[in-house]
file structure.txt (compact mmCIF, C-alpha atoms and all ligand atoms)
# COMPACT_ATOMS: atom_id res chain seq x y z
CA MET A 1 33.21 39.24 12.57
CA LYS A 2 30.55 37.55 14.67
CA THR A 3 31.00 37.54 18.45
CA ILE A 4 29.56 34.82 20.65
CA LEU A 5 29.38 35.15 24.42
CA TRP A 6 29.50 31.70 26.03
CA ALA A 7 28.58 31.44 29.72
CA THR A 8 27.25 29.06 32.32
CA LEU A 9 24.37 30.24 34.50
CA THR A 10 23.05 28.63 37.65
CA ALA A 11 19.44 27.43 37.68
CA ASN A 12 18.55 30.52 39.76
CA GLY A 13 20.03 32.84 37.14
CA ASN A 14 23.43 33.77 38.58
CA TYR A 15 26.57 33.87 36.50
CA ALA A 16 27.97 30.56 37.75
CA GLN A 17 31.23 30.58 39.66
CA SER A 18 33.18 27.37 39.67
CA GLY A 19 35.26 26.01 42.49
CA PRO A 20 35.70 22.85 44.54
CA GLU A 21 32.04 22.92 45.68
CA ASN A 22 30.77 23.60 42.17
CA PRO A 23 33.14 22.18 39.56
CA PRO A 24 32.27 22.93 35.91
CA LYS A 25 29.95 20.32 34.38
CA LYS A 26 31.72 18.03 31.92
CA GLU A 27 28.91 18.44 29.36
CA ALA A 28 29.34 22.23 29.37
CA LEU A 29 33.14 22.00 29.17
CA ASP A 30 32.94 19.58 26.24
CA ASP A 31 30.68 22.04 24.45
CA PHE A 32 33.14 24.86 25.13
CA PHE A 33 36.07 22.84 23.74
CA THR A 34 34.07 22.05 20.59
CA ARG A 35 33.10 25.69 20.07
CA ALA A 36 36.61 26.97 20.77
CA LYS A 37 37.97 24.50 18.24
CA THR A 38 35.39 25.54 15.64
CA ALA A 39 36.04 29.26 16.19
CA GLY A 40 39.79 28.68 16.46
CA ASN A 41 39.99 31.13 19.33
CA PHE A 42 38.65 32.41 22.61
CA ILE A 43 38.86 35.64 24.54
CA VAL A 44 39.30 35.45 28.30
CA GLY A 45 39.76 37.82 31.24
CA ARG A 46 43.07 37.81 33.06
CA ARG A 47 41.62 36.34 36.27
CA THR A 48 39.80 33.46 34.57
CA PHE A 49 42.86 32.75 32.45
CA GLU A 50 45.02 32.48 35.56
CA GLY A 51 42.49 29.99 36.98
CA MET A 52 42.47 27.91 33.77
CA ARG A 53 46.17 27.91 33.21
CA GLY A 54 46.83 25.27 35.88
CA ASN A 55 50.28 23.86 35.29
CA GLY A 56 50.87 26.15 32.33
CA GLY A 57 50.63 23.48 29.63
CA PRO A 58 48.64 24.16 26.45
CA GLY A 59 46.22 21.30 27.26
CA PRO A 60 43.34 20.95 24.81
CA PHE A 61 43.91 24.46 23.41
CA ALA A 62 47.21 23.85 21.62
CA ASP A 63 46.01 25.09 18.20
CA ILE A 64 43.67 27.80 19.41
CA ASP A 65 44.33 31.56 19.49
CA ILE A 66 43.87 32.57 23.12
CA VAL A 67 43.46 36.28 23.76
CA VAL A 68 43.82 37.47 27.36
CA VAL A 69 42.35 40.88 28.20
CA SER A 70 44.24 42.75 30.90
CA SER A 71 44.97 46.40 31.57
CA SER A 72 48.28 45.56 33.17
CA ALA A 73 49.65 42.06 32.46
CA GLY A 74 52.89 41.77 30.55
CA ASP A 75 53.61 39.22 27.84
CA ILE A 76 52.41 35.69 28.56
CA PRO A 77 54.01 32.93 26.49
CA GLY A 78 51.63 31.19 24.09
CA VAL A 79 48.81 33.72 24.30
CA GLN A 80 48.10 37.24 23.06
CA VAL A 81 47.65 39.85 25.78
CA VAL A 82 45.54 42.87 24.82
CA ARG A 83 44.41 45.93 26.76
CA THR A 84 40.74 46.24 25.75
CA PRO A 85 37.83 44.24 24.34
CA GLU A 86 38.08 46.17 21.03
CA GLU A 87 41.76 45.31 20.78
CA ALA A 88 40.91 41.62 21.29
CA LEU A 89 38.46 41.74 18.35
CA ASP A 90 40.89 43.70 16.16
CA TYR A 91 43.59 41.13 16.85
CA LEU A 92 41.36 38.17 15.89
CA LYS A 93 40.00 39.99 12.81
CA GLY A 94 43.57 40.68 11.76
CA LYS A 95 44.29 36.97 11.97
CA GLY A 96 41.33 36.20 9.69
CA HIS A 97 38.93 34.74 12.25
CA GLN A 98 35.23 34.87 11.29
CA THR A 99 33.95 34.31 14.82
CA ALA A 100 35.23 35.33 18.24
CA LEU A 101 34.25 33.26 21.28
CA ILE A 102 34.08 35.27 24.51
CA SER A 103 34.59 32.83 27.34
CA GLY A 104 34.50 34.89 30.56
CA GLY A 105 34.73 35.72 33.39
CA ALA A 106 32.12 38.12 34.65
CA ASP A 107 34.16 41.29 34.18
CA ILE A 108 35.00 40.46 30.59
CA HIS A 109 31.49 39.36 29.71
CA ASN A 110 30.06 42.54 31.21
CA SER A 111 32.64 44.69 29.40
CA PHE A 112 31.66 43.19 26.02
CA LEU A 113 27.93 43.38 26.82
CA GLY A 114 28.17 46.96 28.08
CA GLN A 115 29.95 48.05 24.93
CA GLY A 116 27.45 46.36 22.60
CA LEU A 117 30.10 43.99 21.26
CA VAL A 118 28.07 40.78 21.46
CA ASP A 119 26.03 39.29 18.58
CA GLU A 120 25.03 35.94 20.01
CA LEU A 121 24.63 34.50 23.49
CA ILE A 122 25.07 30.90 24.57
CA PHE A 123 23.90 30.19 28.11
CA ASN A 124 24.37 26.80 29.68
CA VAL A 125 21.95 26.51 32.57
CA ALA A 126 23.52 24.18 35.12
CA PRO A 127 21.48 22.18 37.65
CA VAL A 128 22.69 24.07 40.70
CA LEU A 129 21.44 26.91 42.87
CA GLU A 130 23.85 29.48 44.21
CA GLY A 131 23.78 32.00 47.05
CA ARG A 132 25.13 35.51 46.63
CA GLY A 133 26.86 35.67 43.30
CA LEU A 134 27.79 37.36 40.07
CA ASN A 135 25.45 38.65 37.36
CA LEU A 136 25.64 39.37 33.69
CA LEU A 137 24.73 43.01 33.11
CA ILE A 138 24.29 45.12 30.01
CA ASP A 139 24.52 48.26 32.11
CA LYS A 140 25.97 48.53 35.62
CA GLU A 141 24.35 51.89 36.39
CA ASN A 142 20.85 51.95 34.86
CA TYR A 143 17.83 49.75 34.41
CA ARG A 144 17.47 49.05 30.72
CA TYR A 145 16.55 46.17 28.48
CA LYS A 146 17.83 44.62 25.32
CA HIS A 147 15.57 42.09 23.70
CA VAL A 148 16.95 38.80 22.47
CA GLN A 149 15.53 36.16 20.19
CA LEU A 150 15.74 32.50 21.14
CA LEU A 151 17.47 30.49 18.39
CA ASP A 152 17.51 27.12 20.08
CA CYS A 153 17.29 25.22 23.31
CA THR A 154 19.25 21.97 23.62
CA PRO A 155 19.75 19.59 26.52
CA LEU A 156 23.48 18.83 26.75
CA GLY A 157 23.12 15.96 29.23
CA GLY A 158 23.91 15.90 32.93
CA GLY A 159 20.99 18.25 33.55
CA VAL A 160 22.56 21.12 31.58
CA VAL A 161 20.28 22.97 29.14
CA GLN A 162 21.83 25.19 26.50
CA LEU A 163 19.97 28.30 25.34
CA ARG A 164 21.17 30.20 22.30
CA TYR A 165 20.00 33.76 21.60
CA VAL A 166 20.69 36.44 19.03
CA LEU A 167 20.58 40.04 20.21
CA GLU A 168 17.90 42.05 18.43
CA ASN A 169 18.97 45.39 16.99
CA SER A 170 22.53 44.95 18.18
CA SER A 171 24.69 47.77 16.88
CA PRO A 172 27.53 45.99 15.11
CA VAL A 173 30.21 48.49 16.12
CA HIS A 174 32.75 45.69 15.99
CA ASN A 175 32.19 44.86 12.29
N1 LIG B 1 29.87 31.27 34.30
C1 LIG B 1 30.83 31.17 33.42
O1 LIG B 1 30.63 30.80 32.24
C2 LIG B 1 32.22 31.53 33.83
C3 LIG B 1 33.25 31.57 32.89
C4 LIG B 1 34.51 31.96 33.31
C5 LIG B 1 34.71 32.32 34.64
N2 LIG B 1 33.67 32.25 35.51
C6 LIG B 1 33.80 32.71 36.90
O2 LIG B 1 34.04 34.11 36.85
C7 LIG B 1 34.87 34.49 37.95
C8 LIG B 1 36.06 35.23 37.39
O3 LIG B 1 35.60 36.39 36.71
P1 LIG B 1 36.13 37.85 37.10
O4 LIG B 1 35.06 38.80 36.74
O5 LIG B 1 36.62 37.83 38.50
O6 LIG B 1 37.42 37.99 36.21
P2 LIG B 1 37.71 37.97 34.61
O7 LIG B 1 36.60 38.62 33.86
O8 LIG B 1 38.12 36.60 34.23
O9 LIG B 1 39.02 38.86 34.57
C9 LIG B 1 38.99 40.17 35.04
C10 LIG B 1 40.21 40.88 34.57
O10 LIG B 1 40.16 41.04 33.15
C11 LIG B 1 40.67 42.31 32.80
N3 LIG B 1 39.58 43.11 32.23
C12 LIG B 1 38.25 42.94 32.35
N4 LIG B 1 37.57 43.87 31.64
C13 LIG B 1 38.53 44.64 31.06
C14 LIG B 1 38.49 45.76 30.21
N5 LIG B 1 37.31 46.29 29.81
N6 LIG B 1 39.66 46.32 29.80
C15 LIG B 1 40.85 45.80 30.21
N7 LIG B 1 40.95 44.72 31.02
C16 LIG B 1 39.81 44.16 31.44
C17 LIG B 1 41.21 42.93 34.08
O11 LIG B 1 42.53 42.43 34.20
P3 LIG B 1 43.70 43.27 34.96
O12 LIG B 1 43.30 43.28 36.40
O13 LIG B 1 44.94 42.49 34.69
O14 LIG B 1 43.68 44.64 34.35
C18 LIG B 1 40.32 42.29 35.14
O15 LIG B 1 40.88 42.28 36.43
C19 LIG B 1 35.23 33.22 38.67
O16 LIG B 1 34.37 33.08 39.78
C20 LIG B 1 34.97 32.11 37.64
O17 LIG B 1 34.62 30.89 38.26
C21 LIG B 1 32.44 31.87 35.14
call {"tool": "encode", "arguments": {"input": "structure.txt", "output": "structure tokens"}}
result
Amino acid sequence: MKTILWATLTANGNYAQSGPENPPKKEALDDFFTRAKTAGNFIVGRRTFEGMRGNGGPGPFADIDIVVVSSSAGDIPGVQVVRTPEEALDYLKGKGHQTALISGGADIHNSFLGQGLVDELIFNVAPVLEGRGLNLLIDKENYRYKHVQLLDCTPLGGGVVQLRYVLENSSPVHN
């Protein structure tokens, strides 16, 4: 199964945080909905899921398998709760998905990156600068590098540029 990490970055390279002062860009959200629909799923961290859930309705994700990663949460109606990134992938593989979309937040993205569970990266660079913030990291302890190959670069409108990369020499431990 192919795994795609989808994230928005600020123009100064932070992992973008959204909130009242920096709401998500419509163009990026539209792209996420399209990709989630195509994949038929997305994987999300417990904290981001709680932020998205709003009034608890299924919203635009009614027919999509949502997998929430949490070490402690109990059952949540309408979604699958799993304990680890590997368990999230096993669950989606078991349901016959060909692609898993990893939608954030920072903890989840860094868990998948750190464990070498990402095949493709989609970064939406938003036209905003941020102060102190979050980062995407392949290793929280050491300096190291993983080279990526640019597949395409597409303006989404509203000043958002989408970069798509494949990881070179990724070890497909999740296949
Ligand atoms: N830039 C973007 O594309 C993007 C996308 C989404 C969110 N965000 C931003 O990201 C921030 C939220 O991210 P976050 O890092 O605070 O939270 P998060 O990644 O959404 O969720 C963190 C929670 O997920 C669970 N988790 C993470 N890694 C795990 C692992 N390896 N095994 C088991 N459980 C694991 C834990 O849940 P338990 O505590 O229940 O164990 C952890 O507390 C917000 O500022 C939001 O605006 C940005």
call {"tool": "closest_residue", "arguments": {"input": "structure.txt", "among": "A:Asn22, A:Thr8, A:Ser70, A:Ser103", "to": "A:Phe123", "atoms": "all atoms listed in the file"}}
result
A:Thr8
call {"tool": "residues_around", "arguments": {"input": "structure.txt", "residues": "A:Leu163", "least_positions_apart": "5", "cutoff": "7 Å", "atoms": "only C-alpha atoms", "output": "tab-separated table (two decimals) with C-alpha atoms, in the coordinates of the input"}}
result
chain	number	residue	atom	x	y	z
A	122	ILE	CA	25.07	30.90	24.57
A	123	PHE	CA	23.90	30.19	28.11
A	124	ASN	CA	24.37	26.80	29.68
A	152	ASP	CA	17.51	27.12	20.08
A	153	CYS	CA	17.29	25.22	23.31
A	154	THR	CA	19.25	21.97	23.62
call {"tool": "residues_near_ligand", "arguments": {"input": "structure.txt", "ligand": "ligand LIG 1 (chain B)", "cutoff": "6 Å", "atoms": "only C-alpha atoms and all ligand atoms", "output": "list in words"}}
result
Ala7, Thr8, Leu9, Tyr15, Ala16, Gln17, Ser18, Gly45, Arg46, Arg47, Thr48, Val69, Ser70, Ser71, Ser72, Ala73, Arg83, Thr84, Pro85, Ser103, Gly104, Gly105, Ala106, Asp107, Ile108 and Ser111 of chain A
call {"tool": "atom_distance", "arguments": {"input": "structure.txt", "atom1": "atom CA of A:Glu120", "atom2": "atom CA of A:Leu29"}}
result
18.5 Å
call {"tool": "atom_distance", "arguments": {"input": "structure.txt", "atom1": "atom CA of A:Leu5", "atom2": "atom CA of A:Val166"}}
result
10.3 Å
call {"tool": "residues_near_point", "arguments": {"input": "structure.txt", "point": "(24.6, 24.0, 32.1)", "cutoff": "8 Å", "atoms": "only C-alpha atoms", "output": "ChimeraX atom specification"}}
result
/A:8-10,25,27-28,123-127,156,159-162
